[in-house]
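Pasted below: coords24.csv, CSV, N, CA and C atoms.
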```csv
chain,number,residue,atom,x,y,z
A,1,MET,N,181.5,112.4,121.5
A,1,MET,CA,180.7,112.7,122.7
A,1,MET,C,179.2,112.7,122.4
A,2,LYS,N,178.5,112.1,123.2
A,2,LYS,CA,177.0,111.9,123.0
A,2,LYS,C,176.3,113.2,123.4
A,3,LYS,N,175.4,113.7,122.6
A,3,LYS,CA,174.6,114.9,122.9
A,3,LYS,C,173.6,114.5,124.0
A,4,PRO,N,173.3,115.5,124.9
A,4,PRO,CA,172.2,115.2,125.9
A,4,PRO,C,170.9,114.8,125.2
A,5,SER,N,170.2,113.9,125.8
A,5,SER,CA,169.0,113.4,125.1
A,5,SER,C,167.9,114.5,125.2
A,6,LYS,N,167.1,114.5,124.2
A,6,LYS,CA,166.1,115.6,124.1
A,6,LYS,C,164.7,114.9,124.2
A,7,GLN,N,163.9,115.4,125.1
A,7,GLN,CA,162.6,114.9,125.2
A,7,GLN,C,161.8,115.2,124.0
A,8,GLN,N,160.9,114.3,123.5
A,8,GLN,CA,160.0,114.6,122.5
A,8,GLN,C,158.6,114.1,122.9
A,9,VAL,N,157.6,114.5,122.2
A,9,VAL,CA,156.2,114.0,122.6
A,9,VAL,C,155.8,113.0,121.5
A,10,TYR,N,155.3,111.9,122.0
A,10,TYR,CA,154.8,110.8,121.1
A,10,TYR,C,153.3,110.6,121.3
A,11,THR,N,152.6,110.4,120.1
A,11,THR,CA,151.2,110.1,120.2
A,11,THR,C,151.0,108.6,120.3
A,12,LEU,N,150.3,108.2,121.3
A,12,LEU,CA,150.1,106.8,121.6
A,12,LEU,C,148.6,106.5,121.7
A,13,LEU,N,148.2,105.4,121.2
A,13,LEU,CA,146.8,104.9,121.4
A,13,LEU,C,146.9,103.7,122.3
A,14,VAL,N,146.2,103.8,123.4
A,14,VAL,CA,146.3,102.8,124.4
A,14,VAL,C,144.9,102.1,124.6
A,15,GLU,N,144.9,100.8,124.4
A,15,GLU,CA,143.7,100.1,124.7
A,15,GLU,C,143.7,99.6,126.1
A,16,VAL,N,142.6,99.8,126.8
A,16,VAL,CA,142.5,99.4,128.2
A,16,VAL,C,141.3,98.4,128.4
A,17,GLY,N,141.5,97.5,129.3
A,17,GLY,CA,140.4,96.6,129.6
A,17,GLY,C,139.7,97.1,130.9
A,18,ARG,N,138.9,96.3,131.5
A,18,ARG,CA,138.2,96.7,132.7
A,18,ARG,C,139.0,96.3,133.9
A,19,ALA,N,138.8,97.2,134.9
A,19,ALA,CA,139.4,97.0,136.2
A,19,ALA,C,138.5,97.6,137.2
A,20,SER,N,138.5,97.2,138.5
A,20,SER,CA,137.7,97.8,139.4
A,20,SER,C,138.1,99.2,139.6
A,21,ASP,N,137.2,100.1,139.8
A,21,ASP,CA,137.5,101.6,140.0
A,21,ASP,C,138.2,102.2,138.8
A,22,ASP,N,137.9,101.7,137.6
A,22,ASP,CA,138.6,102.3,136.4
A,22,ASP,C,137.8,103.6,135.9
A,23,GLY,N,136.6,103.8,136.4
A,23,GLY,CA,135.9,105.0,136.0
A,23,GLY,C,135.2,104.9,134.6
A,24,LEU,N,135.3,103.8,134.0
A,24,LEU,CA,134.7,103.6,132.7
A,24,LEU,C,133.2,103.5,132.8
A,25,PRO,N,132.4,103.8,131.8
A,25,PRO,CA,130.9,103.7,131.9
A,25,PRO,C,130.5,102.3,132.1
A,26,LYS,N,129.3,102.2,132.8
A,26,LYS,CA,128.7,100.9,133.1
A,26,LYS,C,128.4,100.2,131.8
A,27,GLY,N,128.8,98.9,131.6
A,27,GLY,CA,128.6,98.2,130.4
A,27,GLY,C,129.7,98.2,129.4
A,28,ALA,N,130.7,99.1,129.6
A,28,ALA,CA,131.8,99.2,128.7
A,28,ALA,C,132.7,98.0,128.9
A,29,THR,N,133.3,97.5,127.8
A,29,THR,CA,134.2,96.3,127.9
A,29,THR,C,135.6,96.8,128.0
A,30,GLY,N,135.9,98.1,127.8
A,30,GLY,CA,137.2,98.7,127.8
A,30,GLY,C,137.1,100.0,127.1
A,31,ALA,N,138.3,100.5,126.7
A,31,ALA,CA,138.3,101.8,126.1
A,31,ALA,C,139.6,102.0,125.3
A,32,ALA,N,139.6,103.0,124.4
A,32,ALA,CA,140.8,103.5,123.7
A,32,ALA,C,141.1,104.8,124.2
A,33,LEU,N,142.4,105.1,124.6
A,33,LEU,CA,142.8,106.4,125.1
A,33,LEU,C,143.8,106.9,124.1
A,34,MET,N,143.6,108.1,123.6
A,34,MET,CA,144.6,108.9,122.8
A,34,MET,C,145.4,109.7,123.8
A,35,CYS,N,146.7,109.4,123.8
A,35,CYS,CA,147.6,110.0,124.8
A,35,CYS,C,148.8,110.7,124.1
A,36,TYR,N,149.2,111.8,124.7
A,36,TYR,CA,150.5,112.4,124.3
A,36,TYR,C,151.4,112.3,125.4
A,37,ALA,N,152.6,111.6,125.2
A,37,ALA,CA,153.5,111.3,126.3
A,37,ALA,C,154.9,111.8,125.9
A,38,SER,N,155.6,112.4,126.8
A,38,SER,CA,157.0,112.8,126.6
A,38,SER,C,157.9,111.7,126.9
A,39,GLY,N,159.0,111.7,126.2
A,39,GLY,CA,160.1,110.7,126.5
A,39,GLY,C,161.3,110.9,125.6
A,40,VAL,N,162.4,110.4,125.9
A,40,VAL,CA,163.6,110.5,125.1
A,40,VAL,C,163.5,109.6,123.8
A,41,ASP,N,162.6,108.6,124.0
A,41,ASP,CA,162.3,107.8,122.8
A,41,ASP,C,160.9,107.2,123.0
A,42,GLU,N,160.4,106.6,122.0
A,42,GLU,CA,159.0,106.1,122.1
A,42,GLU,C,158.8,105.0,123.2
A,43,ALA,N,159.9,104.2,123.4
A,43,ALA,CA,159.8,103.1,124.4
A,43,ALA,C,159.6,103.7,125.8
A,44,GLU,N,160.4,104.8,126.1
A,44,GLU,CA,160.2,105.5,127.4
A,44,GLU,C,158.8,106.1,127.5
A,45,ALA,N,158.3,106.7,126.4
A,45,ALA,CA,157.0,107.3,126.5
A,45,ALA,C,155.9,106.2,126.8
A,46,VAL,N,156.1,105.1,126.2
A,46,VAL,CA,155.1,103.9,126.4
A,46,VAL,C,155.2,103.5,127.8
A,47,ARG,N,156.4,103.3,128.3
A,47,ARG,CA,156.6,102.8,129.7
A,47,ARG,C,156.0,103.8,130.7
A,48,GLU,N,156.2,105.1,130.5
A,48,GLU,CA,155.7,106.1,131.4
A,48,GLU,C,154.1,106.1,131.3
A,49,THR,N,153.6,106.0,130.1
A,49,THR,CA,152.1,106.0,129.9
A,49,THR,C,151.5,104.8,130.6
A,50,VAL,N,152.0,103.6,130.4
A,50,VAL,CA,151.5,102.4,131.0
A,50,VAL,C,151.5,102.5,132.6
A,51,ALA,N,152.6,103.0,133.1
A,51,ALA,CA,152.8,103.2,134.6
A,51,ALA,C,151.7,104.1,135.1
A,52,ILE,N,151.5,105.3,134.5
A,52,ILE,CA,150.6,106.3,134.9
A,52,ILE,C,149.1,105.7,134.8
A,53,LEU,N,148.8,105.0,133.8
A,53,LEU,CA,147.5,104.5,133.6
A,53,LEU,C,147.2,103.4,134.7
A,54,LYS,N,148.2,102.6,135.0
A,54,LYS,CA,148.0,101.6,136.1
A,54,LYS,C,147.8,102.3,137.4
A,55,GLN,N,148.5,103.4,137.7
A,55,GLN,CA,148.3,104.2,138.9
A,55,GLN,C,146.9,104.8,139.0
A,56,ALA,N,146.3,105.0,137.8
A,56,ALA,CA,144.9,105.5,137.7
A,56,ALA,C,143.9,104.4,137.7
A,57,ASP,N,144.3,103.2,138.1
A,57,ASP,CA,143.4,102.1,138.2
A,57,ASP,C,142.8,101.6,136.8
A,58,LEU,N,143.6,101.9,135.7
A,58,LEU,CA,143.2,101.4,134.4
A,58,LEU,C,144.0,100.2,134.1
A,59,ALA,N,143.6,99.4,133.2
A,59,ALA,CA,144.3,98.1,132.8
A,59,ALA,C,144.7,98.1,131.4
A,60,PRO,N,145.9,98.7,131.1
A,60,PRO,CA,146.4,98.8,129.8
A,60,PRO,C,146.7,97.4,129.2
A,61,LEU,N,146.2,97.2,128.0
A,61,LEU,CA,146.3,95.9,127.3
A,61,LEU,C,147.3,96.0,126.1
A,62,ASP,N,147.2,97.1,125.3
A,62,ASP,CA,147.9,97.3,124.1
A,62,ASP,C,148.2,98.7,123.9
A,63,VAL,N,149.4,99.0,123.3
A,63,VAL,CA,149.8,100.4,123.0
A,63,VAL,C,150.3,100.4,121.6
A,64,SER,N,149.7,101.4,120.8
A,64,SER,CA,150.2,101.6,119.4
A,64,SER,C,150.8,103.0,119.4
A,65,GLY,N,152.0,103.1,118.8
A,65,GLY,CA,152.7,104.3,118.7
A,65,GLY,C,152.5,105.0,117.4
A,66,TYR,N,152.2,106.3,117.3
A,66,TYR,CA,152.1,107.0,116.1
A,66,TYR,C,153.2,108.0,115.8
A,67,GLY,N,154.2,108.0,116.6
A,67,GLY,CA,155.4,108.8,116.4
A,67,GLY,C,155.2,110.2,117.0
A,68,THR,N,156.2,111.0,116.6
A,68,THR,CA,156.3,112.4,117.1
A,68,THR,C,155.4,113.3,116.2
A,69,LEU,N,155.3,114.6,116.6
A,69,LEU,CA,154.6,115.5,115.8
A,69,LEU,C,155.2,115.6,114.4
A,70,ASP,N,156.5,115.7,114.3
A,70,ASP,CA,157.2,115.9,113.0
A,70,ASP,C,157.0,114.6,112.1
A,71,GLU,N,157.0,113.4,112.8
A,71,GLU,CA,156.8,112.2,112.0
A,71,GLU,C,155.4,112.1,111.5
A,72,ARG,N,154.4,112.5,112.3
A,72,ARG,CA,153.0,112.5,111.9
A,72,ARG,C,152.8,113.5,110.8
A,73,LEU,N,153.3,114.7,110.9
A,73,LEU,CA,153.2,115.7,109.8
A,73,LEU,C,153.8,115.2,108.5
A,74,ALA,N,154.9,114.5,108.6
A,74,ALA,CA,155.6,114.0,107.4
A,74,ALA,C,154.7,112.9,106.8
A,75,GLU,N,153.9,112.2,107.6
A,75,GLU,CA,153.0,111.2,107.0
A,75,GLU,C,151.7,111.7,106.5
A,76,GLY,N,151.6,113.1,106.7
A,76,GLY,CA,150.4,113.7,106.1
A,76,GLY,C,149.2,113.7,107.1
A,77,HIS,N,149.4,113.5,108.4
A,77,HIS,CA,148.3,113.6,109.4
A,77,HIS,C,147.9,115.0,109.5
A,78,ASP,N,146.6,115.2,109.6
A,78,ASP,CA,146.0,116.5,109.9
A,78,ASP,C,146.0,116.7,111.4
A,79,ILE,N,146.7,117.6,111.9
A,79,ILE,CA,146.8,117.8,113.4
A,79,ILE,C,146.3,119.2,113.8
A,80,SER,N,145.3,119.2,114.6
A,80,SER,CA,144.7,120.5,115.0
A,80,SER,C,145.6,121.3,115.9
A,81,ASP,N,145.2,122.6,116.0
A,81,ASP,CA,146.0,123.4,117.0
A,81,ASP,C,145.8,123.0,118.4
A,82,ASP,N,144.6,122.5,118.7
A,82,ASP,CA,144.3,122.0,120.1
A,82,ASP,C,145.2,120.8,120.4
A,83,GLU,N,145.3,119.9,119.4
A,83,GLU,CA,146.2,118.7,119.6
A,83,GLU,C,147.7,119.2,119.8
A,84,LYS,N,148.1,120.1,119.0
A,84,LYS,CA,149.5,120.6,119.1
A,84,LYS,C,149.7,121.3,120.5
A,85,GLU,N,148.7,122.0,121.0
A,85,GLU,CA,148.7,122.6,122.3
A,85,GLU,C,148.9,121.5,123.4
A,86,LEU,N,148.1,120.4,123.3
A,86,LEU,CA,148.2,119.4,124.3
A,86,LEU,C,149.6,118.7,124.2
A,87,MET,N,150.2,118.5,123.0
A,87,MET,CA,151.5,118.0,122.8
A,87,MET,C,152.5,118.9,123.5
A,88,GLN,N,152.4,120.2,123.3
A,88,GLN,CA,153.3,121.2,123.9
A,88,GLN,C,153.2,121.1,125.4
A,89,ARG,N,152.0,121.0,125.9
A,89,ARG,CA,151.8,120.9,127.4
A,89,ARG,C,152.5,119.6,127.9
A,90,ALA,N,152.4,118.5,127.2
A,90,ALA,CA,153.0,117.2,127.7
A,90,ALA,C,154.5,117.4,127.7
A,91,LEU,N,155.1,118.1,126.7
A,91,LEU,CA,156.5,118.3,126.7
A,91,LEU,C,156.9,119.3,127.8
A,92,ALA,N,156.2,120.4,128.0
A,92,ALA,CA,156.5,121.4,129.0
A,92,ALA,C,156.5,120.8,130.4
A,93,GLU,N,155.5,119.9,130.6
A,93,GLU,CA,155.3,119.3,132.0
A,93,GLU,C,156.0,118.0,132.1
A,94,ASN,N,156.6,117.5,131.0
A,94,ASN,CA,157.2,116.2,131.0
A,94,ASN,C,156.2,115.2,131.6
A,95,SER,N,155.1,115.1,130.9
A,95,SER,CA,154.0,114.3,131.5
A,95,SER,C,153.3,113.5,130.4
A,96,VAL,N,152.2,112.9,130.8
A,96,VAL,CA,151.3,112.1,129.9
A,96,VAL,C,150.0,112.8,129.9
A,97,ILE,N,149.5,113.2,128.8
A,97,ILE,CA,148.2,113.8,128.7
A,97,ILE,C,147.2,112.9,128.0
A,98,VAL,N,146.1,112.6,128.6
A,98,VAL,CA,145.1,111.7,128.0
A,98,VAL,C,144.2,112.7,127.3
A,99,ALA,N,144.2,112.7,125.9
A,99,ALA,CA,143.4,113.7,125.2
A,99,ALA,C,142.0,113.3,124.9
A,100,GLN,N,141.8,112.0,124.8
A,100,GLN,CA,140.5,111.5,124.4
A,100,GLN,C,140.3,110.0,125.0
A,101,MET,N,139.1,109.7,125.4
A,101,MET,CA,138.8,108.4,125.9
A,101,MET,C,137.6,107.9,125.2
A,102,THR,N,137.6,106.8,124.5
A,102,THR,CA,136.5,106.3,123.8
A,102,THR,C,136.2,104.9,124.3
A,103,PRO,N,135.0,104.8,125.1
A,103,PRO,CA,134.7,103.5,125.7
A,103,PRO,C,134.3,102.5,124.6
A,104,PHE,N,134.5,101.2,124.8
A,104,PHE,CA,134.1,100.1,123.9
A,104,PHE,C,132.9,99.4,124.6
A,105,PHE,N,131.9,99.1,123.8
A,105,PHE,CA,130.7,98.3,124.2
A,105,PHE,C,130.6,97.1,123.3
A,106,ASP,N,130.2,96.0,123.9
A,106,ASP,CA,129.9,94.8,123.0
A,106,ASP,C,128.7,95.1,122.2
A,107,GLU,N,128.7,94.7,120.9
A,107,GLU,CA,127.6,94.9,120.0
A,107,GLU,C,126.5,93.9,120.4
A,108,PRO,N,125.3,94.3,120.5
A,108,PRO,CA,124.2,93.3,120.9
A,108,PRO,C,124.1,92.2,119.8
A,109,GLY,N,123.9,91.0,120.3
A,109,GLY,CA,123.7,89.9,119.3
A,109,GLY,C,125.0,89.3,118.8
A,110,GLN,N,126.1,89.8,119.2
A,110,GLN,CA,127.4,89.2,118.8
A,110,GLN,C,128.0,88.3,119.9
A,111,ASP,N,128.4,87.1,119.6
A,111,ASP,CA,129.1,86.3,120.5
A,111,ASP,C,130.5,86.7,120.7
A,112,ALA,N,131.0,86.8,121.9
A,112,ALA,CA,132.4,87.2,122.1
A,112,ALA,C,133.3,86.0,121.9
```

Go ahead and express the file in the form of structure tokens.
Amino acid sequence: MKKPSKQQVYTLLVEVGRASDDGLPKGATGAALMCYASGVDEAEAVRETVAILKQADLAPLDVSGYGTLDERLAEGHDISDDEKELMQRALAENSVIVAQMTPFFDEPGQDA
């Protein structure tokens, strides 16, 4: 008999491009978003995150998964109490938390 699935929180880094009404700073070419997303597996966490970001008028391009808290600790990641608190909140609310947004800007003098 299969055990009921248990939600876990996954750390995801989402790269977004520009879209109208995305709220990114003028001149930014996109951004990286550090997200904590709950899901029964990483694939579900990614799907939920992409759907929510699209609802927020963002344009997700790429998602990199960094695993669960336990997986990250096993890999030796240094995880702050604030980060753990956000992960706990994502789990409690069964939600996606955007913890950090870093806009990208083209470097002057570089050809794209």

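Using only N, CA and C atoms for every distance, the candidate list A:Asp106, A:Glu15, A:Glu44, A:Asp70 yields A:Glu15 as the residue closest to A:Ala32.
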
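The spacing separating atom N of A:Ile52 from atom CA of A:Ser80 amounts to 25.6 Å.
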
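The space between atom N of A:Phe104 and atom N of A:Ala51 spans 20.0 Å.
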
Problem set entry | stretch 33-76 of chain A: residues DSSP assigns to strand (DSSP E), reported as a PyMOL selection string | chain A and resi 33-39+59-68

Next, dump the selected residues to file, keeping only N, CA and C atoms, as a PDB file, in the coordinates of the input.
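The resulting file, result-v2.pdb, is reproduced below:
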```pdb
ATOM      1  N   LEU A  33     142.400 105.100 124.600  1.00  0.00           N
ATOM      2  CA  LEU A  33     142.800 106.400 125.100  1.00  0.00           C
ATOM      3  C   LEU A  33     143.800 106.900 124.100  1.00  0.00           C
ATOM      4  N   MET A  34     143.600 108.100 123.600  1.00  0.00           N
ATOM      5  CA  MET A  34     144.600 108.900 122.800  1.00  0.00           C
ATOM      6  C   MET A  34     145.400 109.700 123.800  1.00  0.00           C
ATOM      7  N   CYS A  35     146.700 109.400 123.800  1.00  0.00           N
ATOM      8  CA  CYS A  35     147.600 110.000 124.800  1.00  0.00           C
ATOM      9  C   CYS A  35     148.800 110.700 124.100  1.00  0.00           C
ATOM     10  N   TYR A  36     149.200 111.800 124.700  1.00  0.00           N
ATOM     11  CA  TYR A  36     150.500 112.400 124.300  1.00  0.00           C
ATOM     12  C   TYR A  36     151.400 112.300 125.400  1.00  0.00           C
ATOM     13  N   ALA A  37     152.600 111.600 125.200  1.00  0.00           N
ATOM     14  CA  ALA A  37     153.500 111.300 126.300  1.00  0.00           C
ATOM     15  C   ALA A  37     154.900 111.800 125.900  1.00  0.00           C
ATOM     16  N   SER A  38     155.600 112.400 126.800  1.00  0.00           N
ATOM     17  CA  SER A  38     157.000 112.800 126.600  1.00  0.00           C
ATOM     18  C   SER A  38     157.900 111.700 126.900  1.00  0.00           C
ATOM     19  N   GLY A  39     159.000 111.700 126.200  1.00  0.00           N
ATOM     20  CA  GLY A  39     160.100 110.700 126.500  1.00  0.00           C
ATOM     21  C   GLY A  39     161.300 110.900 125.600  1.00  0.00           C
ATOM     22  N   ALA A  59     143.600  99.400 133.200  1.00  0.00           N
ATOM     23  CA  ALA A  59     144.300  98.100 132.800  1.00  0.00           C
ATOM     24  C   ALA A  59     144.700  98.100 131.400  1.00  0.00           C
ATOM     25  N   PRO A  60     145.900  98.700 131.100  1.00  0.00           N
ATOM     26  CA  PRO A  60     146.400  98.800 129.800  1.00  0.00           C
ATOM     27  C   PRO A  60     146.700  97.400 129.200  1.00  0.00           C
ATOM     28  N   LEU A  61     146.200  97.200 128.000  1.00  0.00           N
ATOM     29  CA  LEU A  61     146.300  95.900 127.300  1.00  0.00           C
ATOM     30  C   LEU A  61     147.300  96.000 126.100  1.00  0.00           C
ATOM     31  N   ASP A  62     147.200  97.100 125.300  1.00  0.00           N
ATOM     32  CA  ASP A  62     147.900  97.300 124.100  1.00  0.00           C
ATOM     33  C   ASP A  62     148.200  98.700 123.900  1.00  0.00           C
ATOM     34  N   VAL A  63     149.400  99.000 123.300  1.00  0.00           N
ATOM     35  CA  VAL A  63     149.800 100.400 123.000  1.00  0.00           C
ATOM     36  C   VAL A  63     150.300 100.400 121.600  1.00  0.00           C
ATOM     37  N   SER A  64     149.700 101.400 120.800  1.00  0.00           N
ATOM     38  CA  SER A  64     150.200 101.600 119.400  1.00  0.00           C
ATOM     39  C   SER A  64     150.800 103.000 119.400  1.00  0.00           C
ATOM     40  N   GLY A  65     152.000 103.100 118.800  1.00  0.00           N
ATOM     41  CA  GLY A  65     152.700 104.300 118.700  1.00  0.00           C
ATOM     42  C   GLY A  65     152.500 105.000 117.400  1.00  0.00           C
ATOM     43  N   TYR A  66     152.200 106.300 117.300  1.00  0.00           N
ATOM     44  CA  TYR A  66     152.100 107.000 116.100  1.00  0.00           C
ATOM     45  C   TYR A  66     153.200 108.000 115.800  1.00  0.00           C
ATOM     46  N   GLY A  67     154.200 108.000 116.600  1.00  0.00           N
ATOM     47  CA  GLY A  67     155.400 108.800 116.400  1.00  0.00           C
ATOM     48  C   GLY A  67     155.200 110.200 117.000  1.00  0.00           C
ATOM     49  N   THR A  68     156.200 111.000 116.600  1.00  0.00           N
ATOM     50  CA  THR A  68     156.300 112.400 117.100  1.00  0.00           C
ATOM     51  C   THR A  68     155.400 113.300 116.200  1.00  0.00           C
TER      52      THR A  68
END
```

Problem set entry | Residue nearest A:Ser64 - candidates A:Gly76, A:Cys35, A:Leu13, A:Gln8, atoms counted: only C-alpha atoms |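 With only C-alpha atoms as the atom set, the closest residue is A:Leu13.
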
Exercise. If you run DSSP on this backbone, which residues of chain A come out as helix (DSSP H, G or I), and could you give them as a ChimeraX atom specification?
Worked result: /A:42-55,69-74,81-93

Exercise. Using only C-alpha atoms, which residue out of A:Arg47, A:Leu33, A:Leu69, A:Lys26 lies closest to A:Tyr10?
Worked result: A:Leu69

For this session: Name the residues in contact with A:Val63 at a cut-off of 8 Å, using all atoms listed in the file, excluding same-chain residues fewer than 3 positions from it; report them as a list in words.
Result: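 What passes the distance filter is Leu12, Leu13, Val14, Glu15, Val16, Val46, Pro60 and Tyr66 of chain A.
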
Problem set entry | Selection: 6 Å around A:Gly67, only N, CA and C atoms, excl. self and same-chain fewer than 2 positions, as a ChimeraX atom specification | /A:9-11,65,69,71-72

Dump of N, CA and C atoms for the selected residues, as an mmCIF file, in the frame of the given file:
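Output (part-v1.cif):
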```cif
data_model
loop_
_atom_site.group_PDB
_atom_site.id
_atom_site.type_symbol
_atom_site.label_atom_id
_atom_site.label_comp_id
_atom_site.auth_asym_id
_atom_site.auth_seq_id
_atom_site.Cartn_x
_atom_site.Cartn_y
_atom_site.Cartn_z
ATOM 1 N N VAL A 9 157.600 114.500 122.200
ATOM 2 C CA VAL A 9 156.200 114.000 122.600
ATOM 3 C C VAL A 9 155.800 113.000 121.500
ATOM 4 N N TYR A 10 155.300 111.900 122.000
ATOM 5 C CA TYR A 10 154.800 110.800 121.100
ATOM 6 C C TYR A 10 153.300 110.600 121.300
ATOM 7 N N THR A 11 152.600 110.400 120.100
ATOM 8 C CA THR A 11 151.200 110.100 120.200
ATOM 9 C C THR A 11 151.000 108.600 120.300
ATOM 10 N N GLY A 65 152.000 103.100 118.800
ATOM 11 C CA GLY A 65 152.700 104.300 118.700
ATOM 12 C C GLY A 65 152.500 105.000 117.400
ATOM 13 N N LEU A 69 155.300 114.600 116.600
ATOM 14 C CA LEU A 69 154.600 115.500 115.800
ATOM 15 C C LEU A 69 155.200 115.600 114.400
ATOM 16 N N GLU A 71 157.000 113.400 112.800
ATOM 17 C CA GLU A 71 156.800 112.200 112.000
ATOM 18 C C GLU A 71 155.400 112.100 111.500
ATOM 19 N N ARG A 72 154.400 112.500 112.300
ATOM 20 C CA ARG A 72 153.000 112.500 111.900
ATOM 21 C C ARG A 72 152.800 113.500 110.800
#
```

Exercise. How far is it from atom N of A:Leu73 to atom N of A:Leu58, in Å with one decimal?
Worked result: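 Result for atom N of A:Leu73 versus atom N of A:Leu58: 29.5 Å, one decimal.
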
Problem set entry | Exercise: A:Leu86 partners within 12 Å, only C-alpha atoms, chain neighbours under 6 positions left out, as a VMD selection string | chain A and resid 9 to 11 34 to 38 69 79 to 80 92 to 100

For this session: Would you kindly return, as a list in words, each protein, DNA or RNA residue with an atom no farther than 7 Å from any atom of A:Gln7, considering only N, CA and C atoms and excluding same-chain residues fewer than 5 positions away?
Result: Ser38, Gly39, Val40, Asp41 and Leu91 of chain A

Exercise. Of the residues A:Gly17, A:Asp78, A:Gly27, A:Glu48, which is the one nearest to A:Asp62, using only C-alpha atoms?
Worked result: A:Gly17

Missing atoms in stretch 19-32 of chain A: can you complete it with N, CA, C and O atoms, as a compact mmCIF listing (two decimals), keeping the file's coordinate frame?
```txt
# COMPACT_ATOMS: atom_id res chain seq x y z
N ALA A 19 138.80 97.20 134.90
CA ALA A 19 139.40 97.00 136.20
C ALA A 19 138.50 97.60 137.20
O ALA A 19 137.75 98.55 136.86
N SER A 20 138.50 97.20 138.50
CA SER A 20 137.70 97.80 139.40
C SER A 20 138.10 99.20 139.60
O SER A 20 139.31 99.53 139.54
N ASP A 21 137.20 100.10 139.80
CA ASP A 21 137.50 101.60 140.00
C ASP A 21 138.20 102.20 138.80
O ASP A 21 138.91 103.18 139.01
N ASP A 22 137.90 101.70 137.60
CA ASP A 22 138.60 102.30 136.40
C ASP A 22 137.80 103.60 135.90
O ASP A 22 138.35 104.29 135.08
N GLY A 23 136.60 103.80 136.40
CA GLY A 23 135.90 105.00 136.00
C GLY A 23 135.20 104.90 134.60
O GLY A 23 134.67 105.89 134.13
N LEU A 24 135.30 103.80 134.00
CA LEU A 24 134.70 103.60 132.70
C LEU A 24 133.20 103.50 132.80
O LEU A 24 132.68 103.01 133.88
N PRO A 25 132.40 103.80 131.80
CA PRO A 25 130.90 103.70 131.90
C PRO A 25 130.50 102.30 132.10
O PRO A 25 131.08 101.34 131.69
N LYS A 26 129.30 102.20 132.80
CA LYS A 26 128.70 100.90 133.10
C LYS A 26 128.40 100.20 131.80
O LYS A 26 127.93 100.81 130.83
N GLY A 27 128.80 98.90 131.60
CA GLY A 27 128.60 98.20 130.40
C GLY A 27 129.70 98.20 129.40
O GLY A 27 129.71 97.48 128.45
N ALA A 28 130.70 99.10 129.60
CA ALA A 28 131.80 99.20 128.70
C ALA A 28 132.70 98.00 128.90
O ALA A 28 132.83 97.48 130.03
N THR A 29 133.30 97.50 127.80
CA THR A 29 134.20 96.30 127.90
C THR A 29 135.60 96.80 128.00
O THR A 29 136.54 96.01 128.20
N GLY A 30 135.90 98.10 127.80
CA GLY A 30 137.20 98.70 127.80
C GLY A 30 137.10 100.00 127.10
O GLY A 30 136.05 100.58 126.96
N ALA A 31 138.30 100.50 126.70
CA ALA A 31 138.30 101.80 126.10
C ALA A 31 139.60 102.00 125.30
O ALA A 31 140.59 101.32 125.53
N ALA A 32 139.60 103.00 124.40
CA ALA A 32 140.80 103.50 123.70
C ALA A 32 141.10 104.80 124.20
O ALA A 32 140.21 105.70 124.31
```
